[in-house]
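What follows is entry39.csv (CSV, N, CA and C atoms).
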```
chain,number,residue,atom,x,y,z
A,1,MET,N,87.2,82.3,92.4
A,1,MET,CA,86.9,83.3,93.3
A,1,MET,C,88.1,83.7,94.2
A,2,SER,N,88.8,82.7,94.7
A,2,SER,CA,90.0,83.1,95.6
A,2,SER,C,91.1,83.6,94.7
A,3,GLU,N,91.2,83.1,93.5
A,3,GLU,CA,92.3,83.6,92.5
A,3,GLU,C,92.0,85.1,92.3
A,4,PHE,N,90.8,85.5,92.1
A,4,PHE,CA,90.5,86.9,91.9
A,4,PHE,C,90.9,87.7,93.2
A,5,GLU,N,90.6,87.2,94.3
A,5,GLU,CA,90.9,87.9,95.6
A,5,GLU,C,92.4,88.0,95.8
A,6,GLU,N,93.1,87.1,95.3
A,6,GLU,CA,94.6,87.1,95.4
A,6,GLU,C,95.2,88.1,94.3
A,7,ALA,N,94.6,88.1,93.1
A,7,ALA,CA,95.1,88.9,92.0
A,7,ALA,C,94.8,90.4,92.3
A,8,VAL,N,93.6,90.7,92.7
A,8,VAL,CA,93.2,92.1,92.9
A,8,VAL,C,93.6,92.5,94.3
A,9,ASN,N,94.6,93.3,94.4
A,9,ASN,CA,95.2,93.6,95.8
A,9,ASN,C,94.9,95.0,96.2
A,10,MET,N,94.1,95.7,95.4
A,10,MET,CA,93.7,97.1,95.8
A,10,MET,C,92.3,97.1,96.4
A,11,PRO,N,92.2,97.8,97.5
A,11,PRO,CA,90.8,97.9,98.1
A,11,PRO,C,90.0,98.8,97.2
A,12,PRO,N,88.6,98.6,97.2
A,12,PRO,CA,87.8,99.4,96.3
A,12,PRO,C,87.9,100.9,96.4
A,13,GLY,N,88.1,101.4,97.6
A,13,GLY,CA,88.2,102.9,97.7
A,13,GLY,C,89.5,103.4,97.0
A,14,GLU,N,90.6,102.6,97.2
A,14,GLU,CA,91.9,103.0,96.6
A,14,GLU,C,91.8,102.9,95.1
A,15,LEU,N,91.2,101.9,94.6
A,15,LEU,CA,91.0,101.7,93.2
A,15,LEU,C,90.2,102.8,92.6
A,16,GLU,N,89.1,103.1,93.3
A,16,GLU,CA,88.2,104.2,92.8
A,16,GLU,C,89.0,105.5,92.7
A,17,LYS,N,89.8,105.9,93.7
A,17,LYS,CA,90.6,107.1,93.6
A,17,LYS,C,91.6,107.0,92.5
A,18,TRP,N,92.3,105.9,92.3
A,18,TRP,CA,93.2,105.7,91.2
A,18,TRP,C,92.6,106.0,89.9
A,19,LEU,N,91.4,105.4,89.7
A,19,LEU,CA,90.7,105.5,88.4
A,19,LEU,C,90.3,107.0,88.0
A,20,GLU,N,90.4,107.9,89.0
A,20,GLU,CA,90.1,109.3,88.8
A,20,GLU,C,91.3,110.1,88.3
A,21,THR,N,92.5,109.4,88.3
A,21,THR,CA,93.7,110.2,88.0
A,21,THR,C,94.0,110.2,86.5
A,22,GLU,N,94.8,111.2,86.1
A,22,GLU,CA,95.1,111.3,84.7
A,22,GLU,C,96.0,110.1,84.2
A,23,GLU,N,96.9,109.6,85.2
A,23,GLU,CA,97.7,108.4,84.8
A,23,GLU,C,96.9,107.2,84.5
A,24,SER,N,95.8,107.1,85.2
A,24,SER,CA,94.9,105.9,85.0
A,24,SER,C,94.2,106.0,83.6
A,25,LYS,N,93.8,107.2,83.3
A,25,LYS,CA,93.0,107.5,82.1
A,25,LYS,C,93.9,107.5,80.9
A,26,SER,N,95.2,107.6,81.1
A,26,SER,CA,96.2,107.7,79.9
A,26,SER,C,96.7,106.4,79.4
A,27,VAL,N,96.4,105.3,80.1
A,27,VAL,CA,97.0,104.0,79.6
A,27,VAL,C,95.9,103.1,79.1
A,28,GLY,N,96.3,102.1,78.4
A,28,GLY,CA,95.3,101.1,77.9
A,28,GLY,C,94.8,101.3,76.5
A,29,ARG,N,94.2,100.3,76.0
A,29,ARG,CA,93.6,100.3,74.7
A,29,ARG,C,92.2,100.7,74.7
A,30,SER,N,91.8,101.7,73.9
A,30,SER,CA,90.4,102.1,73.9
A,30,SER,C,89.9,101.9,72.5
A,31,THR,N,88.6,101.7,72.4
A,31,THR,CA,87.9,101.6,71.2
A,31,THR,C,87.2,102.9,70.8
A,32,GLY,N,87.6,103.4,69.7
A,32,GLY,CA,86.9,104.7,69.3
A,32,GLY,C,87.4,105.9,70.1
A,33,GLY,N,88.5,105.8,70.8
A,33,GLY,CA,89.0,107.0,71.5
A,33,GLY,C,88.3,107.3,72.8
A,34,GLY,N,87.5,106.4,73.2
A,34,GLY,CA,86.8,106.6,74.5
A,34,GLY,C,87.6,106.0,75.7
A,35,GLU,N,86.8,105.5,76.7
A,35,GLU,CA,87.5,104.9,77.9
A,35,GLU,C,88.2,103.6,77.5
A,36,SER,N,89.4,103.4,78.1
A,36,SER,CA,90.1,102.2,77.8
A,36,SER,C,89.4,101.0,78.4
A,37,VAL,N,89.7,99.8,77.8
A,37,VAL,CA,89.2,98.6,78.3
A,37,VAL,C,89.5,98.3,79.8
A,38,GLY,N,90.8,98.6,80.1
A,38,GLY,CA,91.2,98.4,81.5
A,38,GLY,C,90.5,99.4,82.5
A,39,HIS,N,90.3,100.6,82.1
A,39,HIS,CA,89.7,101.6,82.9
A,39,HIS,C,88.2,101.2,83.2
A,40,ALA,N,87.6,100.8,82.2
A,40,ALA,CA,86.2,100.3,82.3
A,40,ALA,C,86.1,99.1,83.2
A,41,SER,N,87.1,98.2,83.0
A,41,SER,CA,87.2,97.0,83.9
A,41,SER,C,87.4,97.4,85.3
A,42,GLY,N,88.2,98.4,85.6
A,42,GLY,CA,88.5,98.8,86.9
A,42,GLY,C,87.2,99.3,87.6
A,43,ARG,N,86.4,100.0,86.9
A,43,ARG,CA,85.1,100.4,87.5
A,43,ARG,C,84.3,99.2,87.9
A,44,ARG,N,84.3,98.2,87.0
A,44,ARG,CA,83.5,97.0,87.3
A,44,ARG,C,84.1,96.2,88.5
A,45,VAL,N,85.5,96.2,88.6
A,45,VAL,CA,86.1,95.6,89.7
A,45,VAL,C,85.7,96.2,91.0
A,46,VAL,N,85.6,97.5,91.0
A,46,VAL,CA,85.2,98.2,92.3
A,46,VAL,C,83.8,97.7,92.7
A,47,GLU,N,82.9,97.6,91.7
A,47,GLU,CA,81.5,97.1,92.0
A,47,GLU,C,81.6,95.6,92.5
A,48,LEU,N,82.4,94.8,91.9
A,48,LEU,CA,82.5,93.4,92.3
A,48,LEU,C,83.1,93.3,93.7
A,49,LEU,N,84.1,94.1,94.0
A,49,LEU,CA,84.6,94.1,95.4
A,49,LEU,C,83.6,94.4,96.4
A,50,ARG,N,82.6,95.2,96.0
A,50,ARG,CA,81.6,95.7,97.0
A,50,ARG,C,80.3,94.8,97.0
A,51,THR,N,80.4,93.7,96.1
A,51,THR,CA,79.2,92.9,96.0
A,51,THR,C,79.4,91.6,96.9
A,52,LYS,N,78.4,91.3,97.6
A,52,LYS,CA,78.4,90.0,98.4
A,52,LYS,C,78.6,88.8,97.5
A,53,LYS,N,79.3,87.9,98.0
A,53,LYS,CA,79.6,86.7,97.2
A,53,LYS,C,78.3,86.0,96.7
A,54,ASN,N,77.3,85.9,97.6
A,54,ASN,CA,76.0,85.3,97.2
A,54,ASN,C,75.3,86.1,96.1
A,55,ASP,N,75.6,87.3,96.0
A,55,ASP,CA,74.9,88.2,95.0
A,55,ASP,C,75.6,88.2,93.6
A,56,LEU,N,76.7,87.6,93.5
A,56,LEU,CA,77.4,87.6,92.2
A,56,LEU,C,76.7,86.8,91.1
A,57,THR,N,76.6,87.3,89.9
A,57,THR,CA,76.0,86.7,88.8
A,57,THR,C,77.0,85.9,88.0
A,58,GLU,N,76.6,85.1,87.1
A,58,GLU,CA,77.5,84.3,86.2
A,58,GLU,C,78.3,85.3,85.4
A,59,ASP,N,77.7,86.4,85.0
A,59,ASP,CA,78.5,87.5,84.3
A,59,ASP,C,79.6,88.1,85.1
A,60,ASP,N,79.2,88.3,86.4
A,60,ASP,CA,80.2,88.8,87.3
A,60,ASP,C,81.4,87.9,87.5
A,61,ILE,N,81.1,86.6,87.6
A,61,ILE,CA,82.1,85.6,87.8
A,61,ILE,C,83.0,85.5,86.5
A,62,ALA,N,82.4,85.6,85.4
A,62,ALA,CA,83.1,85.6,84.1
A,62,ALA,C,84.1,86.8,84.0
A,63,HIS,N,83.6,87.9,84.5
A,63,HIS,CA,84.5,89.1,84.5
A,63,HIS,C,85.6,88.9,85.5
A,64,MET,N,85.4,88.3,86.6
A,64,MET,CA,86.4,88.1,87.6
A,64,MET,C,87.5,87.2,87.0
A,65,ARG,N,87.1,86.2,86.2
A,65,ARG,CA,88.0,85.3,85.6
A,65,ARG,C,88.9,86.1,84.5
A,66,LYS,N,88.2,87.0,83.8
A,66,LYS,CA,88.9,87.8,82.8
A,66,LYS,C,90.0,88.7,83.5
A,67,VAL,N,89.6,89.3,84.6
A,67,VAL,CA,90.5,90.2,85.3
A,67,VAL,C,91.7,89.4,85.9
A,68,THR,N,91.4,88.2,86.4
A,68,THR,CA,92.5,87.4,87.0
A,68,THR,C,93.5,87.0,85.8
A,69,GLY,N,92.9,86.6,84.7
A,69,GLY,CA,93.8,86.2,83.6
A,69,GLY,C,94.6,87.3,83.1
A,70,TYR,N,94.0,88.5,83.0
A,70,TYR,CA,94.8,89.7,82.5
A,70,TYR,C,95.9,90.0,83.5
A,71,ILE,N,95.6,90.0,84.7
A,71,ILE,CA,96.7,90.3,85.7
A,71,ILE,C,97.8,89.3,85.7
A,72,HIS,N,97.5,88.0,85.6
A,72,HIS,CA,98.5,87.0,85.5
A,72,HIS,C,99.4,87.2,84.2
A,73,ARG,N,98.7,87.4,83.1
A,73,ARG,CA,99.5,87.6,81.8
A,73,ARG,C,100.4,88.8,81.9
A,74,HIS,N,99.8,89.9,82.4
A,74,HIS,CA,100.5,91.2,82.4
A,74,HIS,C,101.7,91.1,83.4
A,75,LEU,N,101.5,90.4,84.5
A,75,LEU,CA,102.6,90.3,85.5
A,75,LEU,C,103.8,89.5,84.9
A,76,ALA,N,103.5,88.6,84.0
A,76,ALA,CA,104.6,87.8,83.3
A,76,ALA,C,105.4,88.7,82.4
A,77,GLN,N,104.9,89.9,82.0
A,77,GLN,CA,105.6,90.8,81.1
A,77,GLN,C,106.3,91.9,81.8
A,78,ARG,N,106.6,91.8,83.1
A,78,ARG,CA,107.2,92.8,83.9
A,78,ARG,C,108.5,93.4,83.3
A,79,PRO,N,108.5,94.7,83.1
A,79,PRO,CA,109.8,95.2,82.5
A,79,PRO,C,110.9,95.3,83.6
A,80,ALA,N,112.1,95.4,83.1
A,80,ALA,CA,113.2,95.4,84.0
A,80,ALA,C,113.3,96.8,84.7
A,81,GLY,N,113.9,96.9,85.8
A,81,GLY,CA,114.1,98.1,86.5
A,81,GLY,C,112.9,98.6,87.4
A,82,ASP,N,113.0,99.8,87.8
A,82,ASP,CA,111.9,100.4,88.6
A,82,ASP,C,110.6,100.6,87.8
A,83,VAL,N,109.6,100.1,88.2
A,83,VAL,CA,108.3,100.1,87.5
A,83,VAL,C,107.3,101.2,88.1
A,84,THR,N,107.8,101.9,89.0
A,84,THR,CA,106.9,102.9,89.8
A,84,THR,C,106.0,103.7,88.9
A,85,GLY,N,106.6,104.4,87.9
A,85,GLY,CA,105.8,105.4,87.1
A,85,GLY,C,105.5,104.9,85.7
A,86,THR,N,105.6,103.6,85.5
A,86,THR,CA,105.5,103.0,84.1
A,86,THR,C,104.0,102.8,83.7
A,87,PRO,N,103.8,102.8,82.4
A,87,PRO,CA,102.5,102.5,81.9
A,87,PRO,C,102.1,101.0,82.2
A,88,TRP,N,103.1,100.2,82.3
A,88,TRP,CA,102.9,98.7,82.7
A,88,TRP,C,102.2,98.7,84.1
A,89,ARG,N,102.8,99.4,85.1
A,89,ARG,CA,102.2,99.4,86.4
A,89,ARG,C,100.8,100.1,86.4
A,90,HIS,N,100.7,101.2,85.7
A,90,HIS,CA,99.4,101.9,85.7
A,90,HIS,C,98.3,101.1,85.0
A,91,SER,N,98.7,100.3,84.0
A,91,SER,CA,97.7,99.4,83.4
A,91,SER,C,97.2,98.4,84.3
A,92,LEU,N,98.1,97.8,85.0
A,92,LEU,CA,97.8,96.7,86.0
A,92,LEU,C,96.9,97.3,87.1
A,93,MET,N,97.2,98.5,87.5
A,93,MET,CA,96.4,99.2,88.6
A,93,MET,C,95.0,99.4,88.1
A,94,ASN,N,94.8,99.7,86.8
A,94,ASN,CA,93.4,99.9,86.3
A,94,ASN,C,92.6,98.6,86.5
A,95,TRP,N,93.3,97.5,86.5
A,95,TRP,CA,92.6,96.2,86.7
A,95,TRP,C,92.5,95.8,88.1
A,96,GLY,N,93.1,96.6,89.0
A,96,GLY,CA,92.9,96.4,90.5
A,96,GLY,C,94.1,95.7,91.1
A,97,HIS,N,95.3,95.7,90.4
A,97,HIS,CA,96.5,95.1,91.0
A,97,HIS,C,97.6,96.1,91.0
A,98,ASP,N,98.2,96.4,92.2
A,98,ASP,CA,99.4,97.2,92.3
A,98,ASP,C,100.5,96.3,92.5
A,99,PRO,N,101.5,96.2,91.5
A,99,PRO,CA,102.6,95.3,91.7
A,99,PRO,C,103.6,95.8,92.8
A,100,LEU,N,103.5,97.0,93.3
A,100,LEU,CA,104.4,97.5,94.3
A,100,LEU,C,103.7,97.1,95.7
```
Please go through the file and, once you have read it, give me the structure as structure tokens.
Amino acid sequence: MSEFEEAVNMPPGELEKWLETEESKSVGRSTGGGESVGHASGRRVVELLRTKKNDLTEDDIAHMRKVTGYIHRHLAQRPAGDVTGTPWRHSLMNWGHDPL
């Protein structure tokens, strides 16, 4: 739980606004040309951030672990140089983490 709170550093309102942008929708792997996995996860992260800890289900906790794992793996692949407008950063932001 605390690892999720450390990994996800975007407040729910900020993440929600980000997910509405074209940059957000343009990155990530999608199945069948629809919404990307990361974008869908971001919508779920918004819900999780707004859920009281006592109301979290086992499925919620499993998704929180998945998000934390993804963020840690992706951070380890940081490209050199300024990452401001990179797909790497945008992908992380879809999962609720802004590396800047």
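Comparing A:Trp88, A:Gly96, A:Pro79, A:Arg65 by their smallest distance to Val46 of chain A, the closest is A:Gly96 (using all atoms listed in the file).
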So, with only N, CA and C atoms as the atoms that count, which of A:Glu20, A:Trp95, A:Glu35, A:Val83 lies closest to Thr68 of chain A?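 That would be A:Trp95, the residue with the smallest distance to Thr68 of chain A.
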What separation in Å, quoted to one decimal, exists between atom C of Ser24 of chain A and atom CA of Gly85 of chain A? 12.1 Å
Skip Asp98 of chain A itself and residues of its chain fewer than 6 positions away, then list as a list in words all residues within 7 Å of it, counting only N, CA and C atoms.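 Listed by chain and then number, they are Ala7, Val8, Asn9, Met10, Arg89 and Leu92 of chain A.
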Name the residues of segment 3-82 of chain A that fall into alpha helix (DSSP H) according to DSSP on the backbone, using the chain letters and numbers of this document, as a PyMOL selection string. chain A and resi 3-7+12-19+22-25+37-49+58-75
I'd like the neighbourhood of Gly42 of chain A as a PyMOL selection string, where a residue qualifies if any of its atoms comes within 7 Å (using only N, CA and C atoms), though same-chain residues fewer than 2 positions away should be ignored. chain A and resi 15+37-40+44-47+93-96
Can you work out the spacing between atom CA of Ala80 of chain A and atom CA of Ser26 of chain A in Å, to one decimal? 21.4 Å
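The space separating atom C of Arg50 of chain A from atom N of Ile71 of chain A comes to 20.2 Å.
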Between A:His74, A:Met64, A:Pro99, A:Gly32, which residue has the minimum interatomic distance to Phe4 of chain A, considering only N, CA and C atoms?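 Once distances to Phe4 of chain A are computed over only N, CA and C atoms, the minimum belongs to A:Met64.
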Select, from A:Asp60, A:His72, A:Thr84, A:Asp55, the residue with the minimum atom-to-atom distance to Glu23 of chain A, counting only C-alpha atoms. A:Thr84
